[in-house]
Structure formats: C-alpha cells, structure tokens
$ cat my_file_16.txt   # compact mmCIF, C-alpha atoms
# COMPACT_ATOMS: atom_id res chain seq x y z
CA MET N 1 26.73 22.61 43.37
CA PRO N 2 23.49 20.75 44.31
CA LEU N 3 20.32 22.59 43.31
CA LEU N 4 16.68 22.72 44.30
CA ARG N 5 14.66 22.92 41.10
CA LEU N 6 11.17 24.43 41.06
CA PHE N 7 8.75 23.92 38.16
CA GLY N 8 5.57 25.93 37.78
CA ALA N 9 6.05 27.55 41.18
CA LEU N 10 3.32 30.05 42.09
CA GLY N 11 1.66 29.25 38.81
CA SER N 12 4.45 30.13 36.39
CA LEU N 13 7.99 30.32 37.80
CA GLU N 14 10.72 27.88 36.89
CA PHE N 15 14.11 28.46 38.51
CA GLU N 16 16.87 26.87 40.58
CA ILE N 17 17.94 27.58 44.17
CA PRO N 18 21.46 26.58 45.28
CA LEU N 19 21.56 24.11 48.17
CA GLU N 20 24.19 24.01 50.91
CA SER N 21 24.06 27.80 50.75
CA LEU N 22 22.56 30.78 52.55
CA VAL N 23 19.75 32.07 50.34
CA VAL N 24 17.72 35.23 51.04
CA PHE N 25 14.24 35.81 49.60
CA THR N 26 12.50 39.19 49.55
CA SER N 27 9.19 40.39 48.16
CA THR N 28 8.24 43.89 47.10
CA GLY N 29 4.79 44.73 48.33
CA SER N 30 3.49 41.16 48.31
CA ASP N 31 3.58 37.86 50.16
CA ALA N 32 5.10 36.02 47.19
CA ALA N 33 8.27 35.04 49.06
CA GLU N 34 6.27 33.61 51.96
CA ARG N 35 3.99 31.72 49.58
CA LEU N 36 7.02 30.21 47.86
CA ALA N 37 8.85 29.30 51.07
CA PHE N 38 5.96 28.05 53.19
CA GLY N 39 3.23 27.35 50.67
CA LEU N 40 5.37 25.30 48.30
CA ILE N 41 8.78 24.29 49.67
CA ALA N 42 7.76 23.71 53.29
CA ALA N 43 4.34 22.29 52.43
CA GLU N 44 5.84 19.73 50.08
CA ALA N 45 8.47 18.85 52.69
CA GLN N 46 5.70 18.33 55.26
CA ARG N 47 3.85 16.04 52.88
CA GLN N 48 6.97 13.95 52.34
CA MET N 49 8.27 13.97 55.92
CA ALA N 50 5.11 13.60 58.01
CA PRO N 51 4.96 9.77 57.75
CA LEU N 52 8.58 9.56 58.93
CA LEU N 53 8.43 11.88 61.94
CA ALA N 54 7.43 11.25 65.52
CA PRO N 55 4.36 13.28 66.58
CA THR N 56 6.51 15.53 68.79
CA TRP N 57 8.51 16.64 65.76
CA LEU N 58 5.58 17.50 63.55
CA PRO N 59 5.12 21.02 64.99
CA SER N 60 8.75 21.76 64.08
CA ILE N 61 7.79 21.87 60.42
CA GLY N 62 5.80 25.00 61.17
CA ARG N 63 2.33 26.31 60.48
CA LEU N 64 2.13 26.24 56.73
CA ALA N 65 0.09 28.23 54.27
CA THR N 66 -2.27 26.72 51.71
CA ARG N 67 -0.43 24.37 49.36
CA GLU N 68 0.73 26.35 46.33
CA GLU N 69 0.98 25.06 42.78
CA GLY N 70 4.28 23.73 41.48
CA SER N 71 6.65 20.79 41.82
CA ILE N 72 10.13 20.41 43.30
CA GLU N 73 13.18 18.32 42.55
CA GLY N 74 16.10 17.87 44.97
CA LEU N 75 14.13 18.47 48.18
CA ARG N 76 15.80 17.47 51.45
CA PRO N 77 14.49 17.15 55.04
CA THR N 78 13.10 20.59 55.77
CA PHE N 79 12.28 22.44 59.00
CA CYS N 80 10.75 25.86 59.35
CA VAL N 81 10.66 28.67 61.85
CA ARG N 82 7.87 31.21 61.46
CA ARG N 83 7.30 34.20 63.71
CA CYS N 84 4.13 32.65 65.14
CA ASP N 85 5.72 29.33 66.07
CA ALA N 86 7.49 30.25 69.33
CA GLU N 87 5.09 28.24 71.52
CA TRP N 88 5.56 25.15 73.67
CA PRO N 89 3.42 23.24 76.18
CA GLN N 90 3.12 24.99 79.53
CA GLY N 91 6.02 24.22 81.84
CA THR N 92 8.56 23.46 79.10
CA ARG N 93 12.09 24.23 80.30
CA VAL N 94 14.77 26.17 78.42
CA GLY N 95 17.21 23.29 78.92
CA HIS N 96 14.84 20.84 77.26
CA VAL N 97 14.21 23.10 74.26
CA LEU N 98 17.95 23.48 73.65
CA GLY N 99 18.58 19.77 74.22
CA ILE N 100 20.99 20.25 77.14
CA LEU N 101 18.92 18.76 79.97
CA PRO N 102 18.27 15.50 78.08
CA LEU N 103 22.03 15.13 77.51
CA LEU N 104 22.79 15.63 81.21
CA GLN N 105 19.93 13.41 82.34
CA GLN N 106 21.23 10.67 80.11
CA ALA N 107 24.72 11.04 81.60
CA LEU N 108 23.21 10.84 85.09
CA GLY N 109 21.57 7.55 84.23
CA CYS N 110 18.03 8.95 84.30
CA ASP N 111 17.03 8.23 80.72
CA GLY N 112 15.68 4.75 81.31
CA ALA N 113 13.05 5.56 83.94
CA SER N 114 9.50 6.70 83.49
CA SER N 115 8.53 10.27 84.29
CA CYS N 116 7.31 11.12 87.76
CA GLY N 117 3.52 11.25 87.76
CA ALA N 118 3.35 13.87 90.53
CA CYS N 119 5.25 16.53 88.59
CA SER N 120 4.88 15.11 85.04
CA GLY N 121 8.65 14.80 84.83
CA ALA N 122 9.38 18.48 85.47
CA GLY N 123 11.15 17.85 88.77
CA GLN N 124 9.34 20.75 90.39
CA ARG N 125 5.78 21.46 91.43
CA ALA N 126 3.89 24.66 92.07
CA GLU N 127 2.85 24.59 95.72
CA VAL N 128 0.53 27.06 97.41
CA ALA N 129 2.56 29.56 99.46
CA LEU N 130 0.67 29.84 102.74
CA GLU N 131 2.31 33.14 103.68
CA ALA N 132 0.88 34.72 100.50
CA LEU N 133 -2.72 33.73 101.23
CA ILE N 134 -3.26 36.19 104.09
CA SER N 135 -2.95 39.77 102.88
CA ASP N 136 -2.91 41.35 106.36
CA PRO N 137 -3.15 39.33 109.62
CA SER N 138 -4.71 42.34 111.34
CA LEU N 139 -7.76 42.12 109.07
CA SER N 140 -10.70 39.89 109.83
CA LEU N 141 -12.02 37.33 107.38
CA ALA N 142 -15.03 39.56 106.79
CA GLU N 143 -12.70 42.44 105.96
CA GLY N 144 -10.89 40.44 103.28
CA ALA N 145 -7.90 38.90 105.08
CA ILE N 146 -7.83 36.05 102.54
CA ALA N 147 -6.09 37.64 99.54
CA PRO N 148 -7.17 35.28 96.71
CA TRP N 149 -10.79 35.52 97.84
CA ALA N 150 -10.84 39.29 98.19
CA GLU N 151 -9.86 39.63 94.52
CA LYS N 152 -12.22 37.00 93.12
CA ASN N 153 -15.80 37.14 94.42
CA SER N 154 -15.84 38.37 97.99
CA LYS N 155 -19.63 38.09 98.37
CA TYR N 156 -19.61 34.40 97.49
CA TYR N 157 -16.68 33.57 99.75
CA LEU N 158 -18.09 35.65 102.60
CA GLY N 159 -21.18 33.49 102.33
CA VAL N 160 -18.96 30.40 102.62
CA LEU N 161 -17.38 31.76 105.79
CA GLN N 162 -20.75 32.67 107.27
CA THR N 163 -21.86 29.07 106.72
CA LEU N 164 -18.77 27.92 108.61
CA ALA N 165 -19.57 30.42 111.37
CA GLN N 166 -22.96 28.79 111.82
CA ARG N 167 -21.67 25.19 111.71
CA ILE N 168 -18.40 25.31 113.65
CA GLY N 169 -18.48 28.68 115.41
CA LEU N 170 -15.94 30.52 113.23
CA ASP N 171 -15.89 34.22 114.13
CA VAL N 172 -15.44 36.07 110.82
CA ALA N 173 -15.19 39.43 112.66
CA LEU N 174 -12.03 38.49 114.57
CA PRO N 175 -8.64 39.50 113.12
CA TRP N 176 -6.83 36.59 111.50
CA SER N 177 -4.01 36.92 114.05
CA SER N 178 -6.55 36.40 116.88
CA LEU N 179 -8.01 33.15 115.53
CA SER N 180 -6.93 29.94 117.22
CA PRO N 181 -4.52 27.63 115.33
CA ALA N 182 -7.37 25.14 114.95
CA MET N 183 -9.65 27.74 113.32
CA ARG N 184 -6.86 28.89 111.00
CA SER N 185 -6.30 25.28 109.96
CA VAL N 186 -9.99 24.91 109.16
CA VAL N 187 -9.96 28.04 106.97
CA LEU N 188 -6.82 26.95 105.14
CA TYR N 189 -7.39 23.20 104.79
CA GLY N 190 -11.12 22.62 105.21
CA SER N 191 -13.47 21.11 107.72
CA PRO N 192 -14.59 17.46 107.92
CA GLU N 193 -17.92 18.67 109.37
CA SER N 194 -18.85 20.36 106.09
CA ASN N 195 -18.18 20.27 102.37
CA TYR N 196 -15.76 23.16 102.74
CA LYS N 197 -12.27 22.14 101.49
CA GLY N 198 -10.23 25.19 102.40
CA VAL N 199 -8.41 28.11 100.81
CA VAL N 200 -5.45 25.97 99.72
CA HIS N 201 -7.69 23.55 97.83
CA ASP N 202 -9.54 26.45 96.22
CA VAL N 203 -6.33 28.00 94.90
CA GLU N 204 -5.12 24.60 93.63
CA ARG N 205 -8.47 24.12 91.88
CA ARG N 206 -8.22 27.52 90.20
CA VAL N 207 -4.65 26.82 89.06
CA ALA N 208 -5.76 23.49 87.60
CA LYS N 209 -8.56 25.19 85.66
CA VAL N 210 -6.09 27.70 84.20
CA GLY N 211 -3.89 24.80 83.09
CA GLU N 212 -6.89 23.33 81.29
CA GLY N 213 -7.71 26.66 79.64
CA ARG N 214 -10.84 27.20 81.74
CA GLY N 215 -11.98 29.58 84.43
CA GLY N 216 -11.23 32.98 82.90
CA GLU N 217 -8.14 33.61 85.06
CA THR N 218 -4.46 33.69 84.12
CA MET N 219 -1.45 31.96 85.64
CA ALA N 220 0.16 35.37 86.06
CA ALA N 221 -2.69 36.44 88.37
CA LEU N 222 -2.40 33.30 90.50
CA SER N 223 1.39 32.95 90.50
CA LYS N 224 1.78 35.30 93.50
CA TYR N 225 0.09 32.62 95.62
CA LEU N 226 2.44 29.88 94.40
CA VAL N 227 6.03 28.86 95.02
CA TRP N 228 7.99 26.43 92.86
CA GLN N 229 9.55 23.66 94.96
CA ASP N 230 11.35 20.39 94.30
CA CYS N 231 8.84 17.60 93.84
CA ALA N 232 8.73 15.58 97.07
CA VAL N 233 7.81 12.38 95.23
CA CYS N 234 10.90 12.24 92.98
CA SER N 235 13.21 14.54 94.99
CA GLY N 236 13.40 16.89 92.02
CA THR N 237 14.72 14.34 89.53
CA GLY N 238 11.58 14.19 87.42
CA LYS N 239 11.91 10.38 87.45
CA ASP N 240 10.29 7.59 89.40
CA GLY N 241 12.27 5.49 91.82
CA ALA N 242 14.47 6.24 94.82
CA ALA N 243 17.50 4.86 92.98
CA LEU N 244 17.37 7.77 90.55
CA LEU N 245 18.09 10.64 92.90
CA CYS N 246 20.83 11.78 90.53
CA THR N 247 23.47 12.20 93.23
CA ARG N 248 26.30 10.82 91.14
CA ALA N 249 29.28 13.14 91.29
CA GLY N 250 27.32 15.40 93.62
CA VAL N 251 25.31 16.82 90.74
CA GLY N 252 21.52 16.55 90.84
CA LEU N 253 18.86 17.74 88.43
CA VAL N 254 17.63 20.31 90.94
CA LEU N 255 21.04 21.99 90.91
CA LEU N 256 21.20 21.73 87.13
CA TYR N 257 17.80 23.38 86.81
CA GLN N 258 19.16 26.38 88.71
CA THR N 259 22.35 26.67 86.63
CA SER N 260 22.71 29.16 83.79
CA ILE N 261 23.86 27.76 80.47
CA SER N 262 27.11 29.74 80.58
CA LYS N 263 28.11 28.22 83.95
CA LEU N 264 27.71 24.53 83.22
CA GLY N 265 31.46 23.88 83.01
CA PRO N 266 32.10 22.63 86.58
CA HIS N 267 29.06 20.33 86.49
CA ILE N 268 30.12 18.87 83.15
CA GLU N 269 33.62 18.22 84.51
CA SER N 270 32.19 16.48 87.60
CA LEU N 271 30.00 14.28 85.46
CA ALA N 272 32.78 13.53 83.00
CA ASN N 273 34.99 12.24 85.84
CA THR N 274 32.44 9.49 86.54
CA LEU N 275 32.27 8.29 82.92
CA ASP N 276 34.65 6.37 80.74
CA ALA N 277 36.90 8.45 78.49
CA GLY N 278 34.81 8.00 75.34
CA ALA N 279 31.49 8.84 77.00
CA ALA N 280 33.03 11.81 78.81
CA PHE N 281 34.38 13.21 75.55
CA ARG N 282 31.03 12.82 73.76
CA LEU N 283 29.13 14.46 76.62
CA HIS N 284 31.54 17.39 76.82
CA GLU N 285 31.58 17.87 73.05
CA ARG N 286 27.81 17.82 72.68
CA VAL N 287 27.07 20.09 75.64
CA VAL N 288 29.74 22.60 74.60
CA ARG N 289 28.23 22.68 71.10
CA GLN N 290 24.81 23.49 72.57
CA GLN N 291 26.36 26.10 74.86
CA HIS N 292 27.98 27.85 71.89
CA MET N 293 24.65 27.84 70.08
CA ALA N 294 22.86 29.30 73.13
CA ASP N 295 25.52 31.98 73.44
CA ALA N 296 25.15 32.94 69.77
CA LEU N 297 21.38 33.22 70.26
CA GLY N 298 21.75 35.43 73.35
CA LEU N 299 20.45 32.73 75.70
CA ALA N 300 23.58 31.87 77.71
CA SER N 301 22.35 33.69 80.83
CA GLU N 302 19.08 31.71 80.97
CA THR N 303 18.93 28.91 83.54
CA LEU N 304 18.31 25.37 82.34
CA GLY N 305 15.15 25.07 84.42
CA CYS N 306 13.62 28.41 83.46
CA ARG N 307 10.13 27.92 82.05
CA VAL N 308 9.81 29.09 78.46
CA GLU N 309 6.68 31.10 79.25
CA ASP N 310 8.80 33.26 81.57
CA VAL N 311 11.31 34.44 78.93
CA SER N 312 10.87 37.50 76.72
CA PRO N 313 9.19 37.20 73.30
CA VAL N 314 12.54 37.79 71.57
CA SER N 315 14.20 35.05 73.64
CA ALA N 316 11.28 32.73 72.87
CA ARG N 317 11.86 33.22 69.14
CA GLN N 318 15.58 32.62 69.63
CA LEU N 319 14.78 29.43 71.54
CA ARG N 320 12.62 28.28 68.65
CA LEU N 321 15.52 28.89 66.28
CA GLY N 322 17.87 27.01 68.59
CA GLU N 323 15.48 24.08 68.91
CA VAL N 324 15.42 23.61 65.14
CA LEU N 325 19.06 24.38 64.34
CA GLY N 326 20.17 22.12 67.18
CA SER N 327 18.10 19.17 66.01
CA GLY N 328 21.18 17.29 64.79
CA LEU N 329 19.98 16.73 61.24
CA GLN N 330 22.59 16.73 58.50
CA LYS N 331 22.18 18.08 54.97
CA ALA N 332 18.86 19.62 55.95
CA ILE N 333 17.00 22.68 54.67
CA TYR N 334 15.95 25.35 57.18
CA VAL N 335 13.32 27.86 56.11
CA LEU N 336 13.41 30.89 58.44
CA GLN N 337 10.98 33.78 58.50
CA THR N 338 12.63 37.08 59.54
CA PRO N 339 15.09 35.49 62.01
CA LEU N 340 16.77 38.90 62.53
CA LEU N 341 13.56 40.65 63.59
CA GLU N 342 14.02 42.90 66.66
CA LEU N 343 17.56 41.68 67.31
CA SER N 344 20.22 44.12 68.49
CA GLY N 345 23.35 44.64 66.41
CA ILE N 346 25.54 42.25 68.42
CA LEU N 347 22.85 39.59 68.69
CA ARG N 348 22.00 39.95 65.00
CA THR N 349 25.64 39.39 64.09
CA SER N 350 26.02 36.33 66.32
CA THR N 351 22.75 34.82 65.07
CA LEU N 352 23.89 35.27 61.48
CA GLY N 353 27.20 33.67 62.43
CA LEU N 354 25.37 30.63 63.80
CA ILE N 355 23.36 30.33 60.58
CA GLU N 356 26.54 30.56 58.52
CA GLN N 357 28.05 27.75 60.61
CA ARG N 358 25.12 25.50 59.68
CA VAL N 359 25.70 26.32 56.00
CA ALA N 360 29.41 25.56 56.35
CA ALA N 361 28.44 22.17 57.81
CA GLY N 362 26.46 21.36 54.64
CA ASP N 363 22.98 22.58 55.54
CA SER N 364 20.83 24.86 53.37
CA VAL N 365 19.26 27.97 54.90
CA PHE N 366 16.49 29.88 53.13
CA MET N 367 15.68 33.18 54.84
CA LEU N 368 12.74 35.51 54.26
CA GLU N 369 14.51 38.61 55.46
CA GLU N 370 14.59 42.29 54.48
CA HIS N 371 17.48 43.33 56.74
CA PRO N 372 20.54 44.30 54.66
CA ASP N 373 22.87 42.28 56.91
CA ALA N 374 21.23 39.10 55.62
CA ALA N 375 21.81 40.00 51.97
CA ALA N 376 25.41 40.94 52.74
CA CYS N 377 26.09 37.42 54.06
CA ALA N 378 24.02 35.53 51.48
CA ASP N 379 25.34 33.22 48.81
CA ALA N 380 22.26 33.96 46.70
CA CYS N 381 19.45 36.53 46.81
CA PHE N 382 16.09 36.33 45.06
CA ARG N 383 13.47 39.08 44.87
CA LEU N 384 9.93 38.06 43.95
CA ASP N 385 7.68 40.68 42.38
CA VAL N 386 3.99 40.58 41.51
CA ALA N 387 2.84 42.42 38.40
CA ALA N 388 0.09 44.87 39.27
CA ASP N 389 -1.80 44.34 36.01
CA THR N 390 -1.63 40.55 35.65
CA GLY N 391 -0.90 39.34 39.18
CA LEU N 392 1.86 37.09 37.81
CA VAL N 393 4.94 36.53 39.95
CA SER N 394 8.43 37.10 38.56
CA VAL N 395 11.77 36.31 40.17
CA VAL N 396 14.93 38.40 39.93
CA GLN N 397 18.38 37.39 41.11
CA THR N 398 20.24 40.31 42.60
CA ALA N 399 23.79 41.20 41.68
CA ARG N 400 24.98 39.74 44.98
CA SER N 401 23.86 36.23 44.02
CA GLN N 402 25.36 36.42 40.55
CA THR N 403 28.91 37.26 41.65

$ encode --input "my_file_16.txt" --output "structure tokens"
Amino acid sequence: MPLLRLFGALGSLEFEIPLESLVVFTSTGSDAAERLAFGLIAAEAQRQMAPLLAPTWLPSIGRLATREEGSIEGLRPTFCVRRCDAEWPQGTRVGHVLGILPLLQQALGCDGASSCGACSGAGQRAEVALEALISDPSLSLAEGAIAPWAEKNSKYYLGVLQTLAQRIGLDVALPWSSLSPAMRSVVLYGSPESNYKGVVHDVERRVAKVGEGRGGETMAALSKYLVWQDCAVCSGTGKDGAALLCTRAGVGLVLLYQTSISKLGPHIESLANTLDAGAAFRLHERVVRQQHMADALGLASETLGCRVEDVSPVSARQLRLGEVLGSGLQKAIYVLQTPLLELSGILRTSTLGLIEQRVAAGDSVFMLEEHPDAAACADACFRLDVAADTGLVSVVQTARSQT
C-alpha cells in the first residue's frame, strides 16, 4: 500500500498515512488535526502545485494556515475544502461549478467563441423591472410613488423632482396615474433639458455600485426592482456571434439554464442524436457522472442556471465539495474539513458514499471529522492529542485503523 510519510510534523511527530484510502483525523480539545492537514500537508501541496496551476484553480487549494514544521514524502496533487471556502464570484451558476454547463456548451459548439461582453458570458442580464418602480400609481411623486427613492433618501430625490418641476413643468403633486406618458417617460428615463438621467439609470447605477462592493446597499435590497432576462446581445447563449444561437437539436442555453440537474435526460438525448457515436457516448457518460455526483450531494433539484449566491449555505458547501471532487484528477489527495457538518442522515450517507467512490477509484481522502459515521467508514483513523504540560502533540491510531 502506498504511504504518505511525515517527518518532524508539528515539531515532533513521525508517522505514516495510508494513501488510496479514507483516513479520518480527530483532535481532542485542540486544533492539532487542522494544523497537520492544512498547515503541513495542504501548505506543502500548495507550494509544490502553485507553479503548475492556472490562476482559476489556485483558490481550490483552500485558505491555508501558517506553514507548520515538518517534511513529507509521497505527496500527490492535493485539493482542500474548508468550511470557509464556499464562495465564488457573483453570478456564478450551479451548472458551471459542477462542470455540466461547460460540457453541454462544448457539445453545442459554443466553446470556441469569446464571451458576450454585455452579459460577461452569463447569458442573462439583470434588467430594471419598470412595474416594480412605482409602489402605488395613486400616489404622487411627492408622496413617494417611486419605490426605490422612497426607501433611500426621499429628501434628496424630492429636491431632484422639484428641480424638474421648475425646468420642465413636472407636477409632483399629481398622482402618478394622472401624469402624461411624456412626463412619466421623463421621470423614468431622464430629460435632455437637464442633467437628470431618470429612475431606471439611478437603479442601474446603484446595482453597479453593489457589484463593486460600494454604496452601502445589498443586492438583496435592490433585487425586487430587477428581473433576470435573456441577454438581447447574445440571445442568451453567453457567446458572441449570431451563428452561436445554440439552436442545434432545438436545445439552447437559455432552456438549459432553466433545467434542473435531475431532468437533463431528454436534452442530452437530443444533443447526442446530432453527434457522432463516439462523441455522443462521451457526452452522455460525462454528464451522467456529474448528475450522479450532484444527486449524492443533494443538488439534483437545483437548476443549471441558478446563481450560487441564491442557494442555501449547506448547498453552497456541497457545491464546493462537488467542484473539487468532480475536477477529474486521478490519484489525488482531497483534504476535507467536516464535510458531514449539518447534513441530514440520508444526505450524510450519500455524501459518504460519493467519497468512498473516489477512494475506490484510487484517490486519497483525508477528513477532519468528528461524526461517528466517518470513523465507521474509514480505512484508518488518527487522533491527535496535545499534552497539557508540555504542549507536545502525540498521535494515536484507533482500533478501527489497526484491524
């Protein structure tokens, strides 16, 4: 059996960890297991792997602790999942994290084009929903008919409207429903006779500031004034060029975005019918593999186009686990921090089953996990203790790992 050998770990430990196995680490009243896993094993892997990885893969190694003392023999490509790592850039889709959308886009012939600049390749854009801007048409502008202004700084915006009243004759005391179409257009889209750019522009400006981390507002507060629509520039494909409308086999990216992972079957069959036998088999095999992984992680009901920021914290952690385990590496080491945290019994069992599948395929999984289900499935268990008087770390193999 291949082994990972540690010398002088955490200042004094020398022991061997079996590779191509499921190994569970625990600590009693200390962070010794985390220091070993992330401060030594993962940190050394990062040092060795960083020159070989694309920048987009570097975050997948995880946020590591201070480099601990010790040396390692037998280290393999290593990826980590820590509790604090379930974060992605704003707008990231579930289907991209799990690798399914890139597979389908490639099959549709969309992989060779540059991303659409209007929607940054997302295929959809957040547009201002005009019907949400007016809280009550029976109210006047002075009474707060414009919803996003009434909540922000009504005195400032009332001053803006009073300036318009002086320059173009806008009556701020009239109910919104009584204003002429021309006056409503001025309020919504601005007036060429002044520097006023309209309510729509103001909401778009505030959304842009939130995206840049400025302004003091949140996307959740502004989302009620927005509606997600297919990008008009790329027709929802996320790609430049009219030739890439992704209509082959009647399946477009817009439809795929709205499809849950568990219901991809008909779309995959339609796509496969347009490909040669070898390509169709590879597409079906790879997508089905990702579907099975998503199902094991409790993510099969999520739609491909769902934004990661809209899923629950537990689902976000499961997505992070799926992103790493589905990376396609072979003979790799995965260091996982409490992957069973807050999982229900059924989901905990299926997640453990997925991890065991990776081990059966030749990967090594090191888990920092206190749940007894993990120890019951483990090939080896190590408990790290810290002596109260000396502060020295000792390691004990449990009976489970010795049988």

$ residues_around --input "my_file_16.txt" --residues "Trp88 in chain N" --least-positions-apart "4" --cutoff "9 Å" --atoms "only C-alpha atoms" --output "number ranges by chain"
N: 92, 97, 308-309

$ write_last_selection --input "my_file_16.txt" --atoms "C-alpha atoms" --output "PDB file, keeping the file's coordinate frame"
ATOM      1  CA  THR N  92       8.560  23.460  79.100  1.00  0.00           C
ATOM      2  CA  VAL N  97      14.210  23.100  74.260  1.00  0.00           C
ATOM      3  CA  VAL N 308       9.810  29.090  78.460  1.00  0.00           C
ATOM      4  CA  GLU N 309       6.680  31.100  79.250  1.00  0.00           C
TER       5      GLU N 309
END

$ closest_residue --input "my_file_16.txt" --among "N:Cys306, N:Ile17, N:Ala296, N:Leu329" --to "Val94 in chain N" --atoms "only C-alpha atoms"
N:Cys306

$ residues_around --input "my_file_16.txt" --residues "range 174-187 of chain N" --least-positions-apart "5" --cutoff "12 Å" --atoms "all atoms listed in the file" --output "NGL selection string"
:N and (130 or 133-146 or 149 or 157-158 or 160-165 or 167-169 or 192-202)

$ residues_around --input "my_file_16.txt" --residues "Leu98 in chain N" --least-positions-apart "2" --cutoff "12 Å" --atoms "all atoms listed in the file" --output "ChimeraX atom specification"
/N:92-96,100-104,261,286-295,297,299-300,302-306,308,316,318-328

$ closest_residue --input "my_file_16.txt" --among "N:Arg307, N:Leu75, N:Gly278, N:His284" --to "Gly265 in chain N" --atoms "only C-alpha atoms"
N:His284

$ atom_distance --input "my_file_16.txt" --atom1 "CA of Gly298 in chain N" --atom2 "CA of Ser262 in chain N"
10.6 Å

$ atom_distance --input "my_file_16.txt" --atom1 "CA of Ile41 in chain N" --atom2 "CA of Val81 in chain N"
13.1 Å

$ atom_distance --input "my_file_16.txt" --atom1 "CA of Pro339 in chain N" --atom2 "CA of Glu369 in chain N"
7.3 Å

$ closest_residue --input "my_file_16.txt" --among "N:Asp363, N:Glu14, N:Asp310, N:Glu69" --to "Ile333 in chain N" --atoms "all atoms listed in the file"
N:Asp363

$ closest_residue --input "my_file_16.txt" --among "N:Gln357, N:Thr390, N:Thr28, N:Gln337" --to "Ala42 in chain N" --atoms "all atoms listed in the file"
N:Gln337

$ closest_residue --input "my_file_16.txt" --among "N:Trp228, N:Phe281, N:Phe15, N:Phe38" --to "Gln397 in chain N" --atoms "all atoms listed in the file"
N:Phe15

$ residues_near_point --input "my_file_16.txt" --point "(-5.6, 26.8, 90.7)" --cutoff "10 Å" --atoms "all atoms listed in the file" --output "list of chain:residue names"
N:Ala126, N:Val128, N:Val200, N:His201, N:Asp202, N:Val203, N:Glu204, N:Arg205, N:Arg206, N:Val207, N:Ala208, N:Lys209, N:Val210, N:Gly211, N:Gly215, N:Glu217, N:Thr218, N:Met219, N:Leu222, N:Ser223, N:Tyr225, N:Leu226

$ residues_around --input "my_file_16.txt" --residues "Glu68 in chain N" --least-positions-apart "3" --cutoff "10 Å" --atoms "only C-alpha atoms" --output "list in words"
Gly8, Ala9, Leu10, Gly11, Arg35, Leu36, Ala37, Phe38, Gly39, Leu40, Ile41, Ala43, Glu44, Ala65 and Ser71 of chain N

$ closest_residue --input "my_file_16.txt" --among "N:Val365, N:Val335, N:Leu392, N:Ala173" --to "Glu20 in chain N" --atoms "all atoms listed in the file"
N:Val365

$ build_atoms --input "my_file_16.txt" --residues "range 214-225 of chain N" --atoms "N, CA, C and O atoms" --output "JSON list (two decimals), keeping the file's coordinate frame"
[["chain", "number", "residue", "atom", "x", "y", "z"],
["N", 214, "ARG", "N", -9.49, 26.85, 81.29],
["N", 214, "ARG", "CA", -10.84, 27.20, 81.74],
["N", 214, "ARG", "C", -10.76, 28.21, 82.88],
["N", 214, "ARG", "O", -9.71, 28.46, 83.44],
["N", 215, "GLY", "N", -11.88, 28.78, 83.23],
["N", 215, "GLY", "CA", -11.98, 29.58, 84.43],
["N", 215, "GLY", "C", -11.85, 31.08, 84.25],
["N", 215, "GLY", "O", -12.23, 31.85, 85.13],
["N", 216, "GLY", "N", -11.31, 31.54, 83.14],
["N", 216, "GLY", "CA", -11.23, 32.98, 82.90],
["N", 216, "GLY", "C", -10.11, 33.70, 83.63],
["N", 216, "GLY", "O", -9.99, 34.92, 83.53],
["N", 217, "GLU", "N", -9.28, 32.98, 84.39],
["N", 217, "GLU", "CA", -8.14, 33.61, 85.06],
["N", 217, "GLU", "C", -6.87, 33.33, 84.28],
["N", 217, "GLU", "O", -6.86, 32.58, 83.31],
["N", 218, "THR", "N", -5.77, 33.92, 84.74],
["N", 218, "THR", "CA", -4.46, 33.69, 84.12],
["N", 218, "THR", "C", -3.49, 33.18, 85.18],
["N", 218, "THR", "O", -3.64, 33.46, 86.37],
["N", 219, "MET", "N", -2.47, 32.44, 84.71],
["N", 219, "MET", "CA", -1.45, 31.96, 85.64],
["N", 219, "MET", "C", -0.70, 33.12, 86.26],
["N", 219, "MET", "O", -0.26, 33.04, 87.41],
["N", 220, "ALA", "N", -0.55, 34.21, 85.52],
["N", 220, "ALA", "CA", 0.16, 35.37, 86.06],
["N", 220, "ALA", "C", -0.57, 35.93, 87.28],
["N", 220, "ALA", "O", 0.05, 36.35, 88.26],
["N", 221, "ALA", "N", -1.92, 35.92, 87.24],
["N", 221, "ALA", "CA", -2.69, 36.44, 88.37],
["N", 221, "ALA", "C", -2.60, 35.54, 89.59],
["N", 221, "ALA", "O", -2.67, 36.02, 90.73],
["N", 222, "LEU", "N", -2.44, 34.25, 89.38],
["N", 222, "LEU", "CA", -2.40, 33.30, 90.50],
["N", 222, "LEU", "C", -0.99, 33.00, 90.98],
["N", 222, "LEU", "O", -0.81, 32.43, 92.06],
["N", 223, "SER", "N", 0.02, 33.35, 90.17],
["N", 223, "SER", "CA", 1.39, 32.95, 90.50],
["N", 223, "SER", "C", 1.88, 33.54, 91.81],
["N", 223, "SER", "O", 2.77, 32.98, 92.45],
["N", 224, "LYS", "N", 1.32, 34.69, 92.24],
["N", 224, "LYS", "CA", 1.78, 35.30, 93.50],
["N", 224, "LYS", "C", 1.38, 34.47, 94.71],
["N", 224, "LYS", "O", 1.90, 34.70, 95.80],
["N", 225, "TYR", "N", 0.47, 33.50, 94.52],
["N", 225, "TYR", "CA", 0.09, 32.62, 95.62],
["N", 225, "TYR", "C", 0.82, 31.27, 95.55],
["N", 225, "TYR", "O", 0.50, 30.36, 96.30]]
